[in-house]
>>> print(open('model.txt').read())   # compact mmCIF, C-alpha atoms (C1' of nucleotides)
# COMPACT_ATOMS: atom_id res chain seq x y z
CA MET R 659 13.86 23.08 2.20
CA THR R 660 11.78 21.10 4.67
CA LYS R 661 13.01 19.76 8.01
CA GLN R 662 13.12 16.30 6.46
CA ARG R 663 15.28 17.36 3.54
CA GLU R 664 17.59 19.24 5.85
CA LEU R 665 18.01 16.15 8.02
CA ILE R 666 18.73 13.91 5.06
CA LEU R 667 21.26 16.34 3.69
CA GLN R 668 22.93 16.58 7.08
CA ILE R 669 23.16 12.80 7.32
CA LEU R 670 24.90 12.64 3.95
CA ASN R 671 27.18 15.54 4.76
CA HIS R 672 28.36 13.91 7.97
CA ALA R 673 28.63 10.37 6.64
CA ASP R 674 32.09 8.93 6.31
CA ARG R 675 31.02 6.65 3.51
CA HIS R 676 28.44 6.13 0.78
CA LEU R 677 24.98 5.38 2.17
CA THR R 678 22.06 3.46 0.70
CA ALA R 679 18.55 4.92 0.89
CA ASP R 680 17.84 2.32 3.54
CA GLU R 681 20.76 3.45 5.64
CA VAL R 682 19.75 7.08 5.29
CA PHE R 683 16.23 6.09 6.34
CA PHE R 684 17.53 4.26 9.40
CA LEU R 685 19.71 7.15 10.47
CA ALA R 686 16.97 9.66 9.79
CA LYS R 687 14.49 7.68 11.88
CA LEU R 688 16.78 8.01 14.90
CA LYS R 689 16.36 11.81 14.81
CA MET R 690 12.83 11.94 13.38
CA PRO R 691 10.92 8.73 14.08
CA SER R 692 7.94 9.75 11.98
CA ILE R 693 9.87 10.08 8.73
CA ALA R 694 8.73 7.84 5.88
CA MET R 695 10.76 5.86 3.40
CA ALA R 696 8.98 7.64 0.56
CA THR R 697 10.17 10.97 1.93
CA VAL R 698 13.74 9.73 1.97
CA TYR R 699 13.47 8.60 -1.64
CA ASN R 700 11.65 11.76 -2.71
CA ASN R 701 14.36 13.92 -1.26
CA LEU R 702 17.27 11.81 -2.41
CA ASN R 703 15.83 11.92 -5.92
CA ALA R 704 15.08 15.63 -5.81
CA MET R 705 18.53 16.49 -4.51
CA THR R 706 20.18 14.18 -7.00
CA ASP R 707 18.27 15.84 -9.84
CA ALA R 708 19.26 19.24 -8.51
CA GLY R 709 22.90 18.18 -8.40
CA ILE R 710 23.16 18.78 -4.64
CA ILE R 711 24.09 15.16 -3.97
CA HIS R 712 25.24 12.23 -6.08
CA ARG R 713 23.80 8.81 -6.74
CA VAL R 714 26.19 5.93 -7.26
CA HIS R 715 25.05 2.71 -8.83
CA VAL R 716 26.43 -0.40 -7.19
CA ASP R 717 26.32 -3.61 -9.21
CA GLY R 718 24.07 -6.13 -7.56
CA SER R 719 22.87 -4.00 -4.69
CA ALA R 720 21.05 -0.80 -3.84
CA ASP R 721 22.20 2.55 -5.13
CA CYS R 722 24.29 4.66 -2.77
CA PHE R 723 24.20 8.37 -2.16
CA GLU R 724 26.90 10.82 -1.17
CA LYS R 725 27.23 14.53 -0.57
CA GLY R 726 27.95 16.78 -3.52
CA GLY R 727 31.15 18.62 -4.19
CA GLU R 728 33.71 18.29 -6.89
CA THR R 729 32.84 15.61 -9.40
CA HIS R 730 34.81 12.43 -9.08
CA ASP R 731 34.86 8.80 -10.04
CA HIS R 732 34.65 5.66 -7.94
CA LEU R 733 36.73 2.68 -6.99
CA ARG R 734 34.95 -0.45 -5.87
CA CYS R 735 36.67 -3.28 -4.03
CA ASP R 736 36.14 -6.68 -5.67
CA ILE R 737 36.18 -8.35 -2.27
CA CYS R 738 34.41 -6.20 0.32
CA GLY R 739 32.48 -4.03 -2.12
CA LYS R 740 33.40 -0.79 -0.38
CA LEU R 741 33.36 2.35 -2.49
CA ALA R 742 36.10 4.95 -2.52
CA ASN R 743 36.31 8.23 -4.39
CA ILE R 744 39.00 9.11 -6.87
CA THR R 745 39.53 12.29 -8.82
CA LEU R 746 40.89 12.03 -12.34
CA PRO R 747 41.11 15.65 -13.45
CA TRP R 748 42.39 14.74 -16.91
CA LEU R 749 39.58 12.38 -17.78
CA GLN R 750 36.81 14.74 -18.82
CA ASP R 751 39.00 16.60 -21.30
CA ARG R 752 40.58 13.42 -22.59
CA LEU R 753 37.12 11.95 -23.23
CA ARG R 754 35.97 15.13 -25.00
CA GLN R 755 39.04 14.82 -27.16
CA SER R 756 38.31 11.21 -28.06
CA VAL R 757 34.55 11.34 -28.38
CA GLY R 758 33.84 14.84 -29.57
CA LYS R 759 32.64 17.91 -27.73
CA GLU R 760 29.11 16.76 -27.10
CA ILE R 761 29.65 14.91 -23.80
CA SER R 762 27.20 15.91 -21.08
CA GLY R 763 28.70 13.70 -18.38
CA TYR R 764 29.99 10.25 -17.59
CA GLU R 765 30.26 7.63 -14.88
CA LEU R 766 33.36 5.61 -14.24
CA THR R 767 33.71 2.84 -11.71
CA ILE R 768 37.06 1.13 -11.39
CA HIS R 769 37.33 -2.34 -9.86
CA TYR R 770 40.24 -3.11 -7.59
CA ILE R 771 41.24 -4.69 -4.29
CA CYS R 772 41.16 -2.11 -1.55
CA PRO R 773 44.20 -1.68 0.74
CA GLU R 774 42.45 -3.38 3.70
CA CYS R 775 41.50 -6.47 1.70
CA LYS R 776 44.91 -6.62 0.09
CA LYS R 777 46.58 -6.56 3.51
CA ARG R 778 44.25 -9.30 4.74
CA GLY R 779 45.45 -11.44 1.81
CA MET N 369 25.26 -25.89 -23.92
CA THR N 370 21.53 -26.54 -23.83
CA LYS N 371 19.09 -25.65 -26.61
CA GLN N 372 17.89 -22.77 -24.47
CA ARG N 373 21.35 -21.34 -23.98
CA GLU N 374 22.12 -21.69 -27.64
CA LEU N 375 18.94 -19.81 -28.53
CA ILE N 376 19.66 -17.00 -26.09
CA LEU N 377 23.19 -16.65 -27.38
CA GLN N 378 21.94 -16.57 -30.96
CA ILE N 379 19.44 -13.86 -30.10
CA LEU N 380 22.20 -11.71 -28.64
CA ASN N 381 24.55 -12.41 -31.51
CA HIS N 382 22.00 -11.31 -34.06
CA ALA N 383 20.63 -8.34 -32.14
CA ASP N 384 21.41 -4.93 -33.56
CA ARG N 385 21.23 -3.33 -30.16
CA HIS N 386 21.48 -3.99 -26.44
CA LEU N 387 18.64 -6.13 -25.13
CA THR N 388 17.07 -6.37 -21.69
CA ALA N 389 16.40 -9.79 -20.16
CA ASP N 390 12.73 -9.14 -20.85
CA GLU N 391 13.40 -8.52 -24.51
CA VAL N 392 15.53 -11.64 -24.77
CA PHE N 393 12.73 -13.56 -23.09
CA PHE N 394 10.17 -12.21 -25.54
CA LEU N 395 12.31 -13.05 -28.57
CA ALA N 396 13.18 -16.47 -27.17
CA LYS N 397 9.52 -17.26 -26.57
CA LEU N 398 8.82 -16.75 -30.28
CA LYS N 399 11.14 -19.63 -31.13
CA MET N 400 10.60 -21.72 -28.00
CA PRO N 401 7.27 -20.93 -26.35
CA SER N 402 7.96 -23.09 -23.31
CA ILE N 403 11.05 -21.20 -22.21
CA ALA N 404 10.91 -19.67 -18.73
CA MET N 405 12.09 -16.29 -17.54
CA ALA N 406 14.26 -17.99 -14.93
CA THR N 407 16.05 -19.86 -17.69
CA VAL N 408 16.77 -16.62 -19.49
CA TYR N 409 18.18 -15.08 -16.33
CA ASN N 410 20.12 -18.24 -15.44
CA ASN N 411 21.77 -18.31 -18.83
CA LEU N 412 22.39 -14.58 -19.09
CA ASN N 413 24.03 -14.71 -15.68
CA ALA N 414 26.05 -17.81 -16.46
CA MET N 415 27.28 -16.44 -19.78
CA THR N 416 28.05 -13.08 -18.22
CA ASP N 417 30.09 -14.77 -15.50
CA ALA N 418 31.90 -16.81 -18.15
CA GLY N 419 32.70 -13.65 -20.09
CA ILE N 420 30.83 -14.87 -23.18
CA ILE N 421 28.45 -11.91 -23.12
CA HIS N 422 28.38 -8.56 -21.34
CA ARG N 423 25.95 -6.97 -18.94
CA VAL N 424 25.43 -3.23 -19.11
CA HIS N 425 23.81 -1.37 -16.28
CA VAL N 426 21.35 1.29 -17.36
CA ASP N 427 20.44 3.98 -14.85
CA GLY N 428 16.78 3.77 -13.92
CA SER N 429 15.91 0.70 -15.93
CA ALA N 430 16.69 -2.95 -16.39
CA ASP N 431 20.18 -4.16 -17.21
CA CYS N 432 20.97 -4.82 -20.85
CA PHE N 433 22.97 -7.61 -22.41
CA GLU N 434 25.10 -7.76 -25.54
CA LYS N 435 27.27 -10.28 -27.29
CA GLY N 436 30.90 -10.58 -26.24
CA GLY N 437 33.91 -9.48 -28.19
CA GLU N 438 36.48 -6.83 -27.60
CA THR N 439 35.91 -4.89 -24.41
CA HIS N 440 34.49 -1.46 -24.90
CA ASP N 441 32.70 1.36 -23.15
CA HIS N 442 29.25 2.81 -23.66
CA LEU N 443 27.60 6.00 -24.75
CA ARG N 444 24.06 6.65 -23.55
CA CYS N 445 21.80 9.23 -25.14
CA ASP N 446 20.35 11.70 -22.63
CA ILE N 447 17.15 11.92 -24.64
CA CYS N 448 16.21 8.54 -26.08
CA GLY N 449 18.33 6.43 -23.75
CA LYS N 450 19.79 4.35 -26.54
CA LEU N 451 23.16 2.74 -25.90
CA ALA N 452 26.06 2.78 -28.32
CA ASN N 453 29.46 1.18 -28.04
CA ILE N 454 32.73 3.04 -28.10
CA THR N 455 36.26 1.72 -27.89
CA LEU N 456 38.83 3.78 -26.04
CA PRO N 457 42.01 1.75 -26.39
CA TRP N 458 44.08 4.19 -24.35
CA LEU N 459 41.82 4.20 -21.31
CA GLN N 460 42.86 1.01 -19.53
CA ASP N 461 46.55 1.90 -19.56
CA ARG N 462 45.89 5.50 -18.68
CA LEU N 463 43.84 4.43 -15.67
CA ARG N 464 46.53 1.98 -14.57
CA GLN N 465 48.97 4.84 -14.76
CA SER N 466 46.81 7.11 -12.64
CA VAL N 467 45.48 4.64 -10.11
CA GLY N 468 48.22 2.07 -9.79
CA LYS N 469 48.63 -1.37 -11.27
CA GLU N 470 45.94 -3.09 -9.24
CA ILE N 471 42.93 -2.41 -11.49
CA SER N 472 40.89 -5.52 -12.26
CA GLY N 473 38.42 -3.78 -14.55
CA TYR N 474 36.20 -0.76 -14.97
CA GLU N 475 32.93 0.47 -16.41
CA LEU N 476 32.53 3.76 -18.20
CA THR N 477 29.29 5.20 -19.49
CA ILE N 478 29.41 8.51 -21.28
CA HIS N 479 26.30 10.68 -21.55
CA TYR N 480 25.60 12.51 -24.76
CA ILE N 481 22.95 13.34 -27.33
CA CYS N 482 22.93 10.74 -30.06
CA PRO N 483 23.09 11.80 -33.72
CA GLU N 484 19.40 11.00 -34.32
CA CYS N 485 18.18 13.04 -31.37
CA LYS N 486 20.52 15.89 -32.22
CA LYS N 487 19.16 16.01 -35.77
CA ARG N 488 15.61 16.00 -34.47
CA GLY N 489 16.56 19.09 -32.46
C1' DT G 1382 -6.66 34.27 7.46
C1' DC G 1383 -7.82 31.48 3.73
C1' DA G 1384 -7.00 29.00 -0.30
C1' DA G 1385 -3.89 26.80 -3.26
C1' DA G 1386 0.27 24.33 -3.85
C1' DA G 1387 3.78 21.36 -2.20
C1' DA G 1388 5.59 17.88 0.85
C1' DT G 1389 4.88 14.10 4.00
C1' DT G 1390 2.98 9.81 5.48
C1' DA G 1391 1.63 4.78 5.47
C1' DG G 1392 0.96 1.34 2.97
C1' DA G 1393 -0.02 -0.76 -1.44
C1' DA G 1394 1.92 -1.62 -5.84
C1' DT G 1395 5.42 -2.27 -9.29
C1' DC G 1396 9.45 -3.95 -11.46
C1' DA G 1397 13.56 -6.43 -11.97
C1' DA G 1398 15.67 -10.27 -10.45
C1' DT G 1399 16.22 -14.41 -7.63
C1' DC G 1400 14.72 -18.52 -5.29
C1' DT G 1401 12.24 -22.91 -4.74
C1' DA G 1402 10.70 -27.32 -5.56
C1' DA G 1403 9.19 -30.40 -8.84
C1' DA G 1404 9.83 -32.20 -13.43
C1' DA G 1405 12.63 -33.04 -17.46
C1' DG G 1406 16.87 -33.84 -19.88
C1' DC G 1407 21.40 -35.88 -20.23
C1' DA G 1408 25.13 -38.83 -19.40
C1' DT G 1409 27.15 -42.97 -17.51
C1' DT G 1410 27.29 -47.29 -15.87
C1' DA G 1411 25.32 -51.86 -14.93
C1' DT J 405 17.63 -51.08 -21.82
C1' DA J 406 17.13 -49.79 -16.98
C1' DA J 407 18.72 -47.49 -13.25
C1' DT J 408 21.43 -43.75 -11.29
C1' DG J 409 22.85 -39.31 -10.44
C1' DC J 410 23.80 -34.66 -12.06
C1' DT J 411 22.38 -30.49 -14.35
C1' DT J 412 18.95 -27.65 -16.35
C1' DT J 413 14.47 -26.14 -17.00
C1' DT J 414 10.04 -24.80 -15.60
C1' DA J 415 6.24 -22.24 -13.18
C1' DG J 416 5.26 -19.70 -9.85
C1' DA J 417 6.24 -17.69 -5.43
C1' DT J 418 9.36 -14.50 -3.25
C1' DT J 419 12.48 -10.86 -2.47
C1' DG J 420 14.38 -6.25 -2.48
C1' DA J 421 14.57 -1.75 -4.14
C1' DT J 422 11.92 1.74 -5.53
C1' DT J 423 7.76 4.16 -6.91
C1' DC J 424 2.94 5.18 -6.61
C1' DT J 425 -1.44 6.45 -4.34
C1' DA J 426 -4.51 8.77 -1.65
C1' DA J 427 -5.18 11.01 2.53
C1' DT J 428 -3.13 14.33 5.64
C1' DT J 429 -0.10 17.95 7.03
C1' DT J 430 2.74 21.78 6.13
C1' DT J 431 4.07 25.67 3.74
C1' DT J 432 3.33 29.59 0.85
C1' DG J 433 1.53 33.71 -0.56
C1' DA J 434 -2.56 36.58 -1.91
>>> encode(input="model.txt", output="structure tokens")
Amino acid sequence: MTKQRELILQILNHADRHLTADEVFFLAKLKMPSIAMATVYNNLNAMTDAGIIHRVHVDGSADCFEKGGETHDHLRCDICGKLANITLPWLQDRLRQSVGKEISGYELTIHYICPECKKRG
Amino acid sequence: MTKQRELILQILNHADRHLTADEVFFLAKLKMPSIAMATVYNNLNAMTDAGIIHRVHVDGSADCFEKGGETHDHLRCDICGKLANITLPWLQDRLRQSVGKEISGYELTIHYICPECKKRG
DNA sequence: TCAAAAATTAGAATCAATCTAAAAGCATTA
DNA sequence: TAATGCTTTTAGATTGATTCTAATTTTTGA
């Protein structure tokens, strides 16, 4: 656990939303101006592989990262693109039931209009 | 419907698996050597937007395309990466139930070990 | 303390995908 | 048929995200 990795992890832990590698890099640079983009990617990849954080693919733009914790799925607003988390505790079992026991994981992204965009009309 | 679009659509309709834009381009070039990559992307995008074909995001590599038809979800093998289709007719309604009525769509990719890889050990 | 291993850095390179501007194809009308 | 305008295609440059490379620094551990 290097200083750099610690910083990146802290940034994700304190973020109030999903961050791209670029955003993590920007925020990291504020605290540690010498940090390199490659370091950010190295650590995001390493921590993703280790299951400490999660990577979220976003159609048509850069992947986002978020702190670990209970597994969950995502909602993505059709209008503003913002991601939200949602927990569907029944899904894993229901999928196992339908598909067979050999599921090692899954990713679900639901498209919707978020409350803010809906209000705005 | 240009000759190029027709060709691309035919390639997808006759493919026995999901194809990347690159693969479509390669196959298209066999029949029409003058075709340009941009044309392949233009048409794949246009037909995806029109709902005639589907785009499938694949973690860590290029998007794949497949012919249209009934909506379905995907299985991806952890080992060989191959995609398979799966239809889960109950899912859409079940998600509506859990999330609310305002779902405009979703994408689900399930991770597993495909029969071939499992056999191989 | 020294050597080996691992991580970091800066910048180049790669890969998928998009953009640009010029040329070609196609309709329609004159 | 010729002229017009609209759409598509083409080739190649460009972008944007991510990875790679090689040199340097840091960490580890004998």
>>> interface_residues(input="model.txt", of="chain J", to="chain N", cutoff="9 Å", atoms="all atoms listed in the file", output="ChimeraX atom specification")
/J:412-415
>>> atom_distance(input="model.txt", atom1="CA of Asp717 in chain R", atom2="CA of Thr477 in chain N")
13.9 Å
>>> atom_distance(input="model.txt", atom1="CA of Glu484 in chain N", atom2="CA of Arg713 in chain R")
28.0 Å
>>> closest_residue(input="model.txt", among="R:Ser762, R:Gln668, R:Gln755, R:Asn701", to="chain G", atoms="all atoms listed in the file")
R:Asn701
>>> residues_around(input="model.txt", residues="Leu412 in chain N", least_positions_apart="4", cutoff="9 Å", atoms="only C-alpha atoms (C1' of nucleotides)", output="MDAnalysis selection string")
chainID N and resid 373 376:377 389 407:408 416:417 421:423 433
>>> residues_around(input="model.txt", residues="DA1384 in chain G", least_positions_apart="5", cutoff="12 Å", atoms="only C-alpha atoms (C1' of nucleotides)", output="ChimeraX atom specification")
/J:432-434
>>> interface_residues(input="model.txt", of="chain R", to="chain N", cutoff="9 Å", atoms="only C-alpha atoms", output="PyMOL selection string")
chain R and resi 715+717+733+736+744+746+753+756-757+760-771
>>> interface_residues(input="model.txt", of="chain G", to="chain R", cutoff="9 Å", atoms="only C-alpha atoms (C1' of nucleotides)", output="ChimeraX atom specification")
/G:1388-1391
>>> axis_aligned_box(input="model.txt", around="range 484-488 of chain N", padding_each_side="8 Å", output="lines of an AutoDock Vina configuration file")
center_x = 18.1
center_y = 13.5
center_z = -33.6
size_x = 20.9
size_y = 21.0
size_z = 20.4
>>> closest_residue(input="model.txt", among="N:Lys397, N:Val392, N:Asn413, N:Ala383", to="DT1399 in chain G", atoms="only C-alpha atoms (C1' of nucleotides)")
N:Asn413
>>> residues_around(input="model.txt", residues="range 417-428 of chain J", least_positions_apart="4", cutoff="9 Å", atoms="all atoms listed in the file", output="ChimeraX atom specification")
/R:696,699,719-721 /G:1389-1390,1393-1396,1398-1401
>>> decode(input="model.txt", residues="range 687-756 of chain R", atoms="C-alpha atoms", output="mmCIF file, in the first residue's frame")
data_model
loop_
_atom_site.group_PDB
_atom_site.id
_atom_site.type_symbol
_atom_site.label_atom_id
_atom_site.label_comp_id
_atom_site.auth_asym_id
_atom_site.auth_seq_id
_atom_site.Cartn_x
_atom_site.Cartn_y
_atom_site.Cartn_z
ATOM 1 C CA LYS R 687 -2.890 15.962 -8.247
ATOM 2 C CA LEU R 688 -4.269 18.557 -5.838
ATOM 3 C CA LYS R 689 -2.809 16.611 -2.895
ATOM 4 C CA MET R 690 0.213 15.107 -4.671
ATOM 5 C CA PRO R 691 1.220 17.171 -7.692
ATOM 6 C CA SER R 692 3.831 14.685 -8.834
ATOM 7 C CA ILE R 693 1.421 11.796 -9.293
ATOM 8 C CA ALA R 694 1.220 10.340 -12.798
ATOM 9 C CA MET R 695 -1.788 9.242 -14.789
ATOM 10 C CA ALA R 696 -0.231 5.801 -15.199
ATOM 11 C CA THR R 697 -0.094 5.449 -11.428
ATOM 12 C CA VAL R 698 -3.770 6.278 -11.160
ATOM 13 C CA TYR R 699 -4.628 3.666 -13.769
ATOM 14 C CA ASN R 700 -2.260 1.098 -12.280
ATOM 15 C CA ASN R 701 -3.843 1.460 -8.891
ATOM 16 C CA LEU R 702 -7.413 1.642 -10.100
ATOM 17 C CA ASN R 703 -6.807 -1.548 -12.065
ATOM 18 C CA ALA R 704 -5.026 -3.299 -9.217
ATOM 19 C CA MET R 705 -7.711 -2.393 -6.710
ATOM 20 C CA THR R 706 -10.457 -3.355 -9.121
ATOM 21 C CA ASP R 707 -8.812 -6.744 -9.668
ATOM 22 C CA ALA R 708 -8.475 -7.185 -5.930
ATOM 23 C CA GLY R 709 -12.156 -6.371 -5.461
ATOM 24 C CA ILE R 710 -11.397 -3.369 -3.228
ATOM 25 C CA ILE R 711 -13.156 -0.971 -5.585
ATOM 26 C CA HIS R 712 -15.532 -1.328 -8.523
ATOM 27 C CA ARG R 713 -15.312 -0.317 -12.149
ATOM 28 C CA VAL R 714 -18.487 0.760 -13.893
ATOM 29 C CA HIS R 715 -18.685 0.887 -17.652
ATOM 30 C CA VAL R 716 -20.510 3.906 -19.010
ATOM 31 C CA ASP R 717 -21.774 3.703 -22.578
ATOM 32 C CA GLY R 718 -20.037 6.246 -24.738
ATOM 33 C CA SER R 719 -17.675 7.643 -22.160
ATOM 34 C CA ALA R 720 -14.874 6.736 -19.792
ATOM 35 C CA ASP R 721 -15.267 4.045 -17.176
ATOM 36 C CA CYS R 722 -16.093 5.187 -13.660
ATOM 37 C CA PHE R 723 -14.816 3.908 -10.359
ATOM 38 C CA GLU R 724 -16.415 3.733 -6.944
ATOM 39 C CA LYS R 725 -15.523 2.467 -3.505
ATOM 40 C CA GLY R 726 -16.192 -1.158 -2.674
ATOM 41 C CA GLY R 727 -18.795 -2.456 -0.313
ATOM 42 C CA GLU R 728 -21.874 -4.519 -0.848
ATOM 43 C CA THR R 729 -22.377 -5.450 -4.471
ATOM 44 C CA HIS R 730 -25.059 -3.518 -6.251
ATOM 45 C CA ASP R 731 -26.359 -2.585 -9.655
ATOM 46 C CA HIS R 732 -26.602 0.759 -11.398
ATOM 47 C CA LEU R 733 -29.191 3.150 -12.702
ATOM 48 C CA ARG R 734 -28.188 5.552 -15.433
ATOM 49 C CA CYS R 735 -30.200 8.623 -16.350
ATOM 50 C CA ASP R 736 -31.035 8.818 -20.063
ATOM 51 C CA ILE R 737 -30.813 12.597 -19.940
ATOM 52 C CA CYS R 738 -27.972 13.714 -17.658
ATOM 53 C CA GLY R 739 -26.082 10.425 -17.626
ATOM 54 C CA LYS R 740 -25.636 10.424 -13.865
ATOM 55 C CA LEU R 741 -25.163 7.048 -12.211
ATOM 56 C CA ALA R 742 -26.977 5.909 -9.101
ATOM 57 C CA ASN R 743 -26.642 2.697 -7.138
ATOM 58 C CA ILE R 744 -29.430 0.255 -6.533
ATOM 59 C CA THR R 745 -29.437 -2.964 -4.569
ATOM 60 C CA LEU R 746 -31.553 -5.833 -5.844
ATOM 61 C CA PRO R 747 -30.967 -8.551 -3.264
ATOM 62 C CA TRP R 748 -33.175 -11.051 -5.074
ATOM 63 C CA LEU R 749 -31.418 -10.821 -8.402
ATOM 64 C CA GLN R 750 -28.384 -13.032 -7.898
ATOM 65 C CA ASP R 751 -30.439 -15.973 -6.663
ATOM 66 C CA ARG R 752 -33.102 -15.464 -9.295
ATOM 67 C CA LEU R 753 -30.437 -15.503 -12.018
ATOM 68 C CA ARG R 754 -28.844 -18.649 -10.582
ATOM 69 C CA GLN R 755 -32.265 -20.218 -10.684
ATOM 70 C CA SER R 756 -32.811 -19.286 -14.316
#
